[in-house]
Structure formats: structure tokens, C-alpha cells
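S.K.: Below is target39.txt; it holds compact mmCIF, C-alpha atoms.
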# COMPACT_ATOMS: atom_id res chain seq x y z
CA MET A 29 46.51 -98.07 256.73
CA LEU A 30 50.13 -96.88 256.45
CA THR A 31 51.63 -96.29 253.05
CA SER A 32 54.92 -97.82 251.95
CA PRO A 33 57.95 -95.90 253.30
CA ARG A 34 58.92 -95.17 249.69
CA ALA A 35 55.46 -94.32 248.33
CA ALA A 36 55.27 -90.96 246.56
CA GLY A 37 54.77 -88.09 248.98
CA THR A 38 55.80 -89.88 252.18
CA ALA A 39 58.12 -88.26 254.72
CA TYR A 40 59.62 -89.40 258.03
CA LEU A 41 61.26 -87.35 260.77
CA THR A 42 62.82 -88.45 264.06
CA PHE A 43 64.14 -85.98 266.63
CA THR A 44 66.33 -87.37 269.42
CA ARG A 45 67.81 -85.81 272.56
CA SER A 46 71.64 -85.91 272.80
CA GLY A 47 72.97 -84.17 275.90
CA ALA A 48 71.60 -80.62 275.86
CA ASP A 49 70.88 -80.79 272.13
CA THR A 50 68.24 -82.23 269.86
CA VAL A 51 69.58 -84.19 266.91
CA LEU A 52 67.68 -84.91 263.72
CA THR A 53 68.40 -88.63 263.45
CA ARG A 54 66.06 -89.38 260.57
CA ALA A 55 64.89 -87.23 257.68
CA PHE A 56 63.50 -89.06 254.66
CA ALA A 57 61.08 -87.89 251.98
CA THR A 58 59.94 -88.97 248.54
CA SER A 59 58.84 -86.51 245.85
CA PRO A 60 56.74 -84.40 245.80
CA ALA A 61 57.39 -84.05 249.57
CA LYS A 62 60.60 -82.25 250.57
CA LEU A 63 62.31 -81.69 253.94
CA ILE A 64 64.81 -78.89 254.59
CA ALA A 65 66.68 -79.04 257.91
CA THR A 66 68.14 -75.60 258.62
CA ARG A 67 69.07 -76.54 262.17
CA GLY A 68 69.69 -80.27 262.30
CA ARG A 69 71.37 -80.08 265.68
CA GLY A 70 70.90 -77.68 268.62
CA PRO A 71 68.62 -77.15 271.61
CA THR A 72 65.75 -77.20 269.11
CA CYS A 73 65.81 -78.69 265.60
CA TRP A 74 64.12 -76.69 262.84
CA VAL A 75 62.75 -78.46 259.76
CA TYR A 76 60.95 -76.81 256.86
CA SER A 77 58.51 -78.96 254.92
CA ALA A 78 57.81 -78.20 251.28
CA THR A 79 56.56 -79.77 248.07
CA LEU A 80 57.88 -79.91 244.54
CA GLY A 81 56.67 -76.74 242.83
CA GLY A 82 55.72 -75.03 246.08
CA GLY A 83 52.24 -76.45 246.30
CA LEU A 84 49.86 -79.36 245.82
CA VAL A 85 48.29 -80.44 242.55
CA GLY A 86 45.33 -82.74 242.07
CA GLY A 87 46.10 -86.29 243.15
CA ASP A 88 48.98 -85.38 245.48
CA ASP A 89 48.90 -87.29 248.76
CA ILE A 90 51.49 -86.06 251.28
CA GLN A 91 51.86 -88.28 254.35
CA MET A 92 54.32 -87.12 256.99
CA HIS A 93 55.26 -89.07 260.11
CA ALA A 94 57.18 -87.39 262.92
CA GLU A 95 58.57 -88.75 266.18
CA VAL A 96 59.94 -86.49 268.93
CA ALA A 97 61.80 -88.64 271.45
CA ALA A 98 61.90 -87.98 275.19
CA GLY A 99 63.40 -84.60 276.08
CA ALA A 100 63.81 -83.47 272.46
CA ARG A 101 62.51 -80.18 271.01
CA ALA A 102 61.41 -79.81 267.39
CA LEU A 103 59.96 -77.13 265.13
CA LEU A 104 58.15 -78.04 261.91
CA THR A 105 57.32 -75.08 259.68
CA THR A 106 57.24 -73.94 256.04
CA GLN A 107 59.17 -71.40 253.96
CA ALA A 108 56.01 -69.90 252.50
CA SER A 109 52.30 -70.52 252.14
CA THR A 110 51.17 -73.89 250.80
CA LYS A 111 49.33 -73.41 247.51
CA VAL A 112 46.64 -75.88 246.47
CA TYR A 113 46.36 -75.47 242.72
CA ARG A 114 43.14 -75.68 240.75
CA SER A 115 42.17 -79.20 239.78
CA PRO A 116 39.08 -81.42 239.62
CA ARG A 117 41.10 -84.06 241.49
CA ARG A 118 41.44 -84.02 245.27
CA SER A 119 44.79 -83.41 247.00
CA ARG A 120 45.55 -84.61 250.51
CA GLN A 121 47.99 -83.86 253.29
CA MET A 122 48.48 -85.78 256.54
CA LEU A 123 50.69 -85.34 259.60
CA ASP A 124 50.92 -88.14 262.17
CA ALA A 125 53.16 -87.23 265.12
CA THR A 126 54.23 -88.85 268.39
CA VAL A 127 55.69 -86.69 271.17
CA ASP A 128 57.33 -88.45 274.13
CA GLY A 129 57.83 -87.34 277.73
CA ASP A 130 59.35 -83.88 278.42
CA ALA A 131 59.50 -83.27 274.66
CA LEU A 132 58.18 -80.33 272.65
CA LEU A 133 56.81 -80.24 269.12
CA ALA A 134 55.88 -76.91 267.53
CA VAL A 135 54.03 -77.11 264.20
CA VAL A 136 53.75 -73.55 262.92
CA PRO A 137 53.39 -73.39 259.11
CA ASP A 138 52.43 -70.51 256.87
CA PRO A 139 48.79 -70.54 255.73
CA ILE A 140 47.19 -72.75 253.11
CA VAL A 141 46.00 -70.95 249.97
CA CYS A 142 43.43 -72.83 247.90
CA PHE A 143 43.00 -71.68 244.30
CA ALA A 144 39.55 -71.58 242.67
CA THR A 145 38.04 -75.09 242.19
CA ALA A 146 40.78 -76.71 244.33
CA ASP A 147 39.74 -79.72 246.43
CA PHE A 148 41.84 -80.27 249.55
CA ILE A 149 41.68 -82.42 252.68
CA GLN A 150 44.22 -82.54 255.48
CA THR A 151 44.42 -84.56 258.68
CA GLN A 152 46.60 -83.97 261.73
CA ARG A 153 46.93 -86.52 264.51
CA TYR A 154 49.12 -86.09 267.58
CA ASP A 155 49.79 -88.72 270.24
CA LEU A 156 51.22 -87.03 273.34
CA HIS A 157 52.91 -88.54 276.38
CA ALA A 158 51.57 -87.34 279.74
CA ASP A 159 54.48 -84.86 279.99
CA ALA A 160 54.72 -83.87 276.29
CA SER A 161 54.13 -80.33 275.01
CA LEU A 162 52.60 -79.27 271.71
CA VAL A 163 52.07 -75.98 269.91
CA MET A 164 50.02 -76.47 266.73
CA VAL A 165 48.89 -73.77 264.30
CA ASP A 166 46.78 -74.29 261.20
CA TRP A 167 45.35 -71.52 259.03
CA VAL A 168 43.75 -71.02 255.65
CA THR A 169 43.15 -67.94 253.50
CA SER A 170 40.24 -67.12 251.21
CA GLY A 171 42.48 -67.83 248.22
CA ARG A 172 43.84 -65.42 245.63
CA HIS A 173 41.44 -62.64 246.58
CA GLY A 174 43.62 -60.11 244.74
CA ALA A 175 42.68 -61.97 241.57
CA GLY A 176 39.01 -62.00 242.49
CA GLU A 177 38.97 -65.49 244.03
CA ARG A 178 37.38 -65.43 247.51
CA TRP A 179 36.54 -68.76 249.13
CA ALA A 180 36.13 -70.10 245.57
CA PHE A 181 37.68 -73.55 246.06
CA SER A 182 35.52 -76.66 245.67
CA ARG A 183 36.23 -78.01 249.14
CA TYR A 184 38.53 -77.39 252.08
CA GLU A 185 38.55 -79.84 254.97
CA SER A 186 40.91 -79.91 257.96
CA ARG A 187 40.71 -82.49 260.75
CA PHE A 188 42.54 -82.45 264.09
CA ASP A 189 42.86 -85.30 266.58
CA ILE A 190 45.04 -84.77 269.66
CA ARG A 191 45.38 -87.43 272.34
CA ARG A 192 47.29 -87.46 275.59
CA GLY A 193 47.82 -91.06 276.57
CA SER A 194 44.47 -92.79 276.12
CA GLN A 195 42.48 -89.56 276.49
CA GLN A 196 41.37 -87.48 273.54
CA ILE A 197 41.88 -83.83 274.49
CA PHE A 198 40.98 -82.15 271.20
CA PHE A 199 38.99 -83.22 268.14
CA ASP A 200 37.82 -80.73 265.56
CA THR A 201 36.94 -80.54 261.88
CA VAL A 202 36.68 -77.46 259.69
CA VAL A 203 34.79 -77.97 256.41
CA LEU A 204 34.25 -75.21 253.86
CA GLU A 205 32.37 -76.24 250.73
CA PRO A 206 30.94 -73.39 248.65
CA ASN A 207 29.02 -75.80 246.42
CA ILE A 208 26.67 -76.69 249.28
CA ASP A 209 27.03 -73.69 251.62
CA SER A 210 27.24 -69.90 251.34
CA VAL A 211 30.85 -69.67 252.52
CA VAL A 212 31.43 -66.17 251.09
CA GLU A 213 28.38 -64.76 252.88
CA ARG A 214 29.23 -66.54 256.15
CA MET A 215 32.82 -65.30 256.13
CA GLY A 216 31.77 -61.70 255.48
CA GLN A 217 34.82 -59.43 255.46
CA PHE A 218 37.19 -62.12 256.74
CA GLU A 219 39.97 -63.48 254.54
CA VAL A 220 41.77 -65.77 257.03
CA LEU A 221 40.66 -68.48 259.46
CA MET A 222 43.13 -69.88 262.00
CA THR A 223 43.10 -72.67 264.61
CA ALA A 224 45.76 -73.19 267.28
CA VAL A 225 46.31 -75.57 270.20
CA ILE A 226 48.82 -74.99 273.03
CA THR A 227 49.19 -77.77 275.56
CA GLY A 228 51.71 -79.43 277.88
CA PRO A 229 53.97 -78.62 280.85
CA LEU A 230 56.46 -76.45 278.93
CA VAL A 231 53.69 -74.11 277.73
CA ALA A 232 51.08 -74.48 280.49
CA GLY A 233 51.56 -70.98 281.89
CA ALA A 234 51.40 -69.40 278.45
CA ALA A 235 48.23 -71.33 277.59
CA ALA A 236 46.46 -70.26 280.77
CA GLY A 237 47.55 -66.65 280.33
CA LEU A 238 46.38 -66.59 276.73
CA VAL A 239 42.87 -67.76 277.65
CA ILE A 240 42.66 -65.04 280.30
CA ASP A 241 43.95 -62.33 277.94
CA VAL A 242 41.48 -63.24 275.20
CA SER A 243 38.53 -63.50 277.61
CA GLN A 244 39.28 -60.05 279.03
CA ALA A 245 39.81 -58.31 275.69
CA PRO A 246 37.08 -55.84 274.68
CA ILE A 247 34.67 -56.91 271.95
CA ALA A 248 34.12 -54.43 269.11
CA ARG A 249 31.18 -54.53 266.73
CA ARG A 250 32.22 -55.66 263.22
CA ALA A 251 35.86 -55.97 264.31
CA ASP A 252 38.50 -56.72 261.67
CA LEU A 253 40.04 -59.35 263.95
CA VAL A 254 38.02 -61.79 266.06
CA VAL A 255 39.71 -64.09 268.58
CA SER A 256 38.23 -66.76 270.85
CA ALA A 257 39.98 -69.05 273.33
CA ALA A 258 38.96 -71.95 275.56
CA THR A 259 40.63 -74.27 278.04
CA LEU A 260 41.17 -77.89 277.02
CA ARG A 261 40.43 -80.78 279.37
CA ASP A 262 44.18 -81.20 280.10
CA GLY A 263 44.63 -77.49 280.92
CA GLY A 264 45.89 -76.43 277.51
CA ALA A 265 44.34 -73.78 275.28
CA PHE A 266 42.36 -73.87 272.03
CA VAL A 267 42.40 -70.65 270.01
CA ARG A 268 40.46 -69.68 266.92
CA MET A 269 41.00 -66.45 265.00
CA ALA A 270 39.44 -64.77 261.96
CA GLY A 271 40.97 -61.72 260.30
CA THR A 272 40.90 -59.57 257.20
CA SER A 273 44.50 -60.20 256.05
CA VAL A 274 47.36 -62.65 256.42
CA GLU A 275 49.61 -59.89 257.76
CA GLN A 276 47.06 -58.92 260.43
CA VAL A 277 46.52 -62.48 261.63
CA GLY A 278 50.25 -63.19 261.42
CA GLN A 279 51.07 -60.22 263.64
CA ALA A 280 48.43 -61.26 266.18
CA LEU A 281 49.75 -64.82 266.10
CA ARG A 282 53.27 -63.54 266.73
CA ARG A 283 52.05 -61.66 269.81
CA TYR A 284 50.08 -64.56 271.22
CA LEU A 285 52.93 -67.03 270.64
CA ALA A 286 55.74 -64.77 271.88
CA PHE A 287 56.45 -67.38 274.57
CA LEU A 288 57.57 -69.80 271.85
CA SER A 289 60.74 -67.94 270.80
CA PRO A 290 62.80 -68.82 273.92
CA LEU A 291 61.72 -72.45 273.60
CA ILE A 292 62.79 -72.82 269.96
CA GLY A 293 65.83 -70.54 270.15
CA ASP A 294 64.80 -67.68 267.84
CA ASP A 295 61.92 -65.55 266.58
CA LEU A 296 60.25 -67.58 263.84
CA TRP A 297 58.45 -64.54 262.44
CA SER A 298 61.30 -61.99 262.40
CA ARG A 299 61.66 -62.25 258.61
CA LYS A 300 57.95 -62.64 257.84
CA TRP A 301 55.78 -60.08 259.58
Could you take the file, read its structure, and then write that structure out as C-alpha cells?
M.R.:
Amino acid sequence: MLTSPRAAGTAYLTFTRSGADTVLTRAFATSPAKLIATRGRGPTCWVYSATLGGGLVGGDDIQMHAEVAAGARALLTTQASTKVYRSPRRSRQMLDATVDGDALLAVVPDPIVCFATADFIQTQRYDLHADASLVMVDWVTSGRHGAGERWAFSRYESRFDIRRGSQQIFFDTVVLEPNIDSVVERMGQFEVLMTAVITGPLVAGAAAGLVIDVSQAPIARRADLVVSAATLRDGGAFVRMAGTSVEQVGQALRRYLAFLSPLIGDDLWSRKW
């Protein structure tokens, strides 16, 4: 059930092809959601999503809808990590995106950081045309481990649903709930968990190469960084990574997604890692 276009926390984005450029033809958000377009026109449009106060508080419900029209290229990212503040009330975040033929959508945010006792659920759904391309990254940290909080939130849930035409090519759910499971013991030394999907004609070669590179990499006992990769039913790649720090996983992510910089017009991580 769709919320009202002016309901609190709703956001709408439309990216349209105009000649050789992509033009941001719609950008609308209601508080606490915020949209910052640093490149509203160019070969690829860059939009930073944010929230009032830099994070989510209990009861927040962010619902973002994005449309990338045929031939357009769009990047959706964040300026910093998304904090989920402590609260007995649940906060939610949703992204529903449509990507048309010969278009590219890259969703590459900074990680989610859940404070102790935070309760957070997010859902991402992507409807892809047969010739659409998608790069999606989602990652979460153990929390404020420097303050002694490691996987101490009440619940973290992240759902992904990616469809190409009528065919579902990826469906996955990550649920971490310390109240009913030994999350700290299961995670061991790891502080970061990341999921990524790379699919579509514009990134097909990179996806295939990434699966090969990961499958051929040596496996070390008790490694600080663990990476797995598999081929999706449409030829794309699914990647999962666990590491001991945000910087470590961020640097690995930058290496694996080096192919993205020419597609979006710049190095997204040059000022971060």
C-alpha cells in the first residue's frame, strides 16, 4: 500500500535521459527525508539521501521511490553512515526503484550503524527492464563498538527483492536479533557485514570477472576479511563480505567496484577511504 506523496518521510526521484545527459526531472521529499542533488545534470546524476539529524529515530518510516527512465544513469548514495538511534520503537526504511531499458542505477550508500537497543527494518525492491543495469550495495556495522556496543541492537532486518521483467533474480533477507540468537558469538571478530548485487548489460563483464576473481582467491584460516560471490540466474553477481572494520571493507569494496567509476563519471570513494 503506497503512502500519500506528502506523508512524512516520503521521497520521489525521477531521472530522465536528455541527449547525452541525464537530467533529474523530479526530486521531492518530506521531512525527515532529505535529498541533495550534487550533480542534477550530466552523463550520470548523483543524489545523496539523508535524514533530519543524520539518522533514524524510533517511529521514522522513510519511503523512497525512484524511477530511472530509458537510457538514463543515476547514482544514489549518502554523505555518511546512517545512524539508527536507540529507541524501543521500530524505525523503517524502504526503497522502491524502477530501471528502464539501457538505464543504470547505482545504489551505493555508506553503512548502517544501529545503536544499542535500536530496532530497524529496511526493504529494497528493484524492477528492472530486460536491458537495465543495477549496482546495489548494502552494509551494516556492529554498532558503536568503540563505546562497547557490539551487535547490541534489538533487531536488524534487511530484505532485497530484485526482478527483471516477470522473473525474480534475487531475493534475500538478513535478520540479526540478539534477543533470540547469539549474534555476537556468530559474528566472532567481524564488525561489518555487506551484501552487493551487480547485474545488467553495462556491468556484465565486471560481474563475471568478479565471480572468477573471488572464486580463485586463496582462503586463509581465521581471515580478517571473508568474501563470497555467486552468479545470478540472469548472469549478474551476488557478493557477500564480512570484515573487521569499515575502512577494510570499504577499501575492498572500492577495489571490487572499480569498474563503476567510468560509468558514474568519478571515483565515489576518493574522499572516503
S.K.: At most 10 Å from (38.4, -71.9, 264.4), file frame, all atoms listed in the file: which residues, as a list in words?
M.R.: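 Returned residue set, sorted by chain then number, is Asp166, Trp167, Asp200, Thr201, Val202, Leu221, Met222, Thr223, Ala224, Val255, Ser256, Ala257, Phe266, Val267, Arg268, Met269 and Ala270 of chain A.
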S.K.: So, counting all atoms listed in the file, which residue among A:Gly129, A:Pro116, A:Gly293, A:Gly37 is closest to Gln91 of chain A?
M.R.: A:Gly37
S.K.: Choose the residue, out of A:Pro290, A:Gly228, A:Gly233, A:Gly174, that has the smallest atom-to-atom separation from Ser273 of chain A; count only C-alpha atoms.
M.R.: A:Gly174
S.K.: In terms of the shortest atom-to-atom distance over only C-alpha atoms, which of A:Ile90, A:Val136, A:Ala57, A:Val75 is closest to Met164 of chain A?
M.R.: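 Of A:Ile90, A:Val136, A:Ala57, A:Val75, the one nearest Met164 of chain A is A:Val136, counting only C-alpha atoms.
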S.K.: Select, from A:Val212, A:Leu281, A:Ala102, A:Ala97, the residue with the minimum atom-to-atom distance to Thr72 of chain A, counting all atoms listed in the file.
M.R.: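 Closest to Thr72 of chain A of all the choices is A:Ala102.
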S.K.: For segment 105-111 of chain A, find every residue with an atom within 6 Å (counting all atoms listed in the file), except residues of its own chain fewer than 4 positions away, and show them as an mmCIF file with C-alpha atoms, keeping the file's coordinate frame.
M.R.:
data_model
loop_
_atom_site.group_PDB
_atom_site.id
_atom_site.type_symbol
_atom_site.label_atom_id
_atom_site.label_comp_id
_atom_site.auth_asym_id
_atom_site.auth_seq_id
_atom_site.Cartn_x
_atom_site.Cartn_y
_atom_site.Cartn_z
ATOM 1 C CA TYR A 76 60.950 -76.810 256.860
ATOM 2 C CA SER A 77 58.510 -78.960 254.920
ATOM 3 C CA GLY A 83 52.240 -76.450 246.300
ATOM 4 C CA VAL A 135 54.030 -77.110 264.200
ATOM 5 C CA VAL A 136 53.750 -73.550 262.920
ATOM 6 C CA PRO A 137 53.390 -73.390 259.110
ATOM 7 C CA ASP A 138 52.430 -70.510 256.870
ATOM 8 C CA PRO A 139 48.790 -70.540 255.730
ATOM 9 C CA ILE A 140 47.190 -72.750 253.110
ATOM 10 C CA VAL A 141 46.000 -70.950 249.970
ATOM 11 C CA CYS A 142 43.430 -72.830 247.900
#
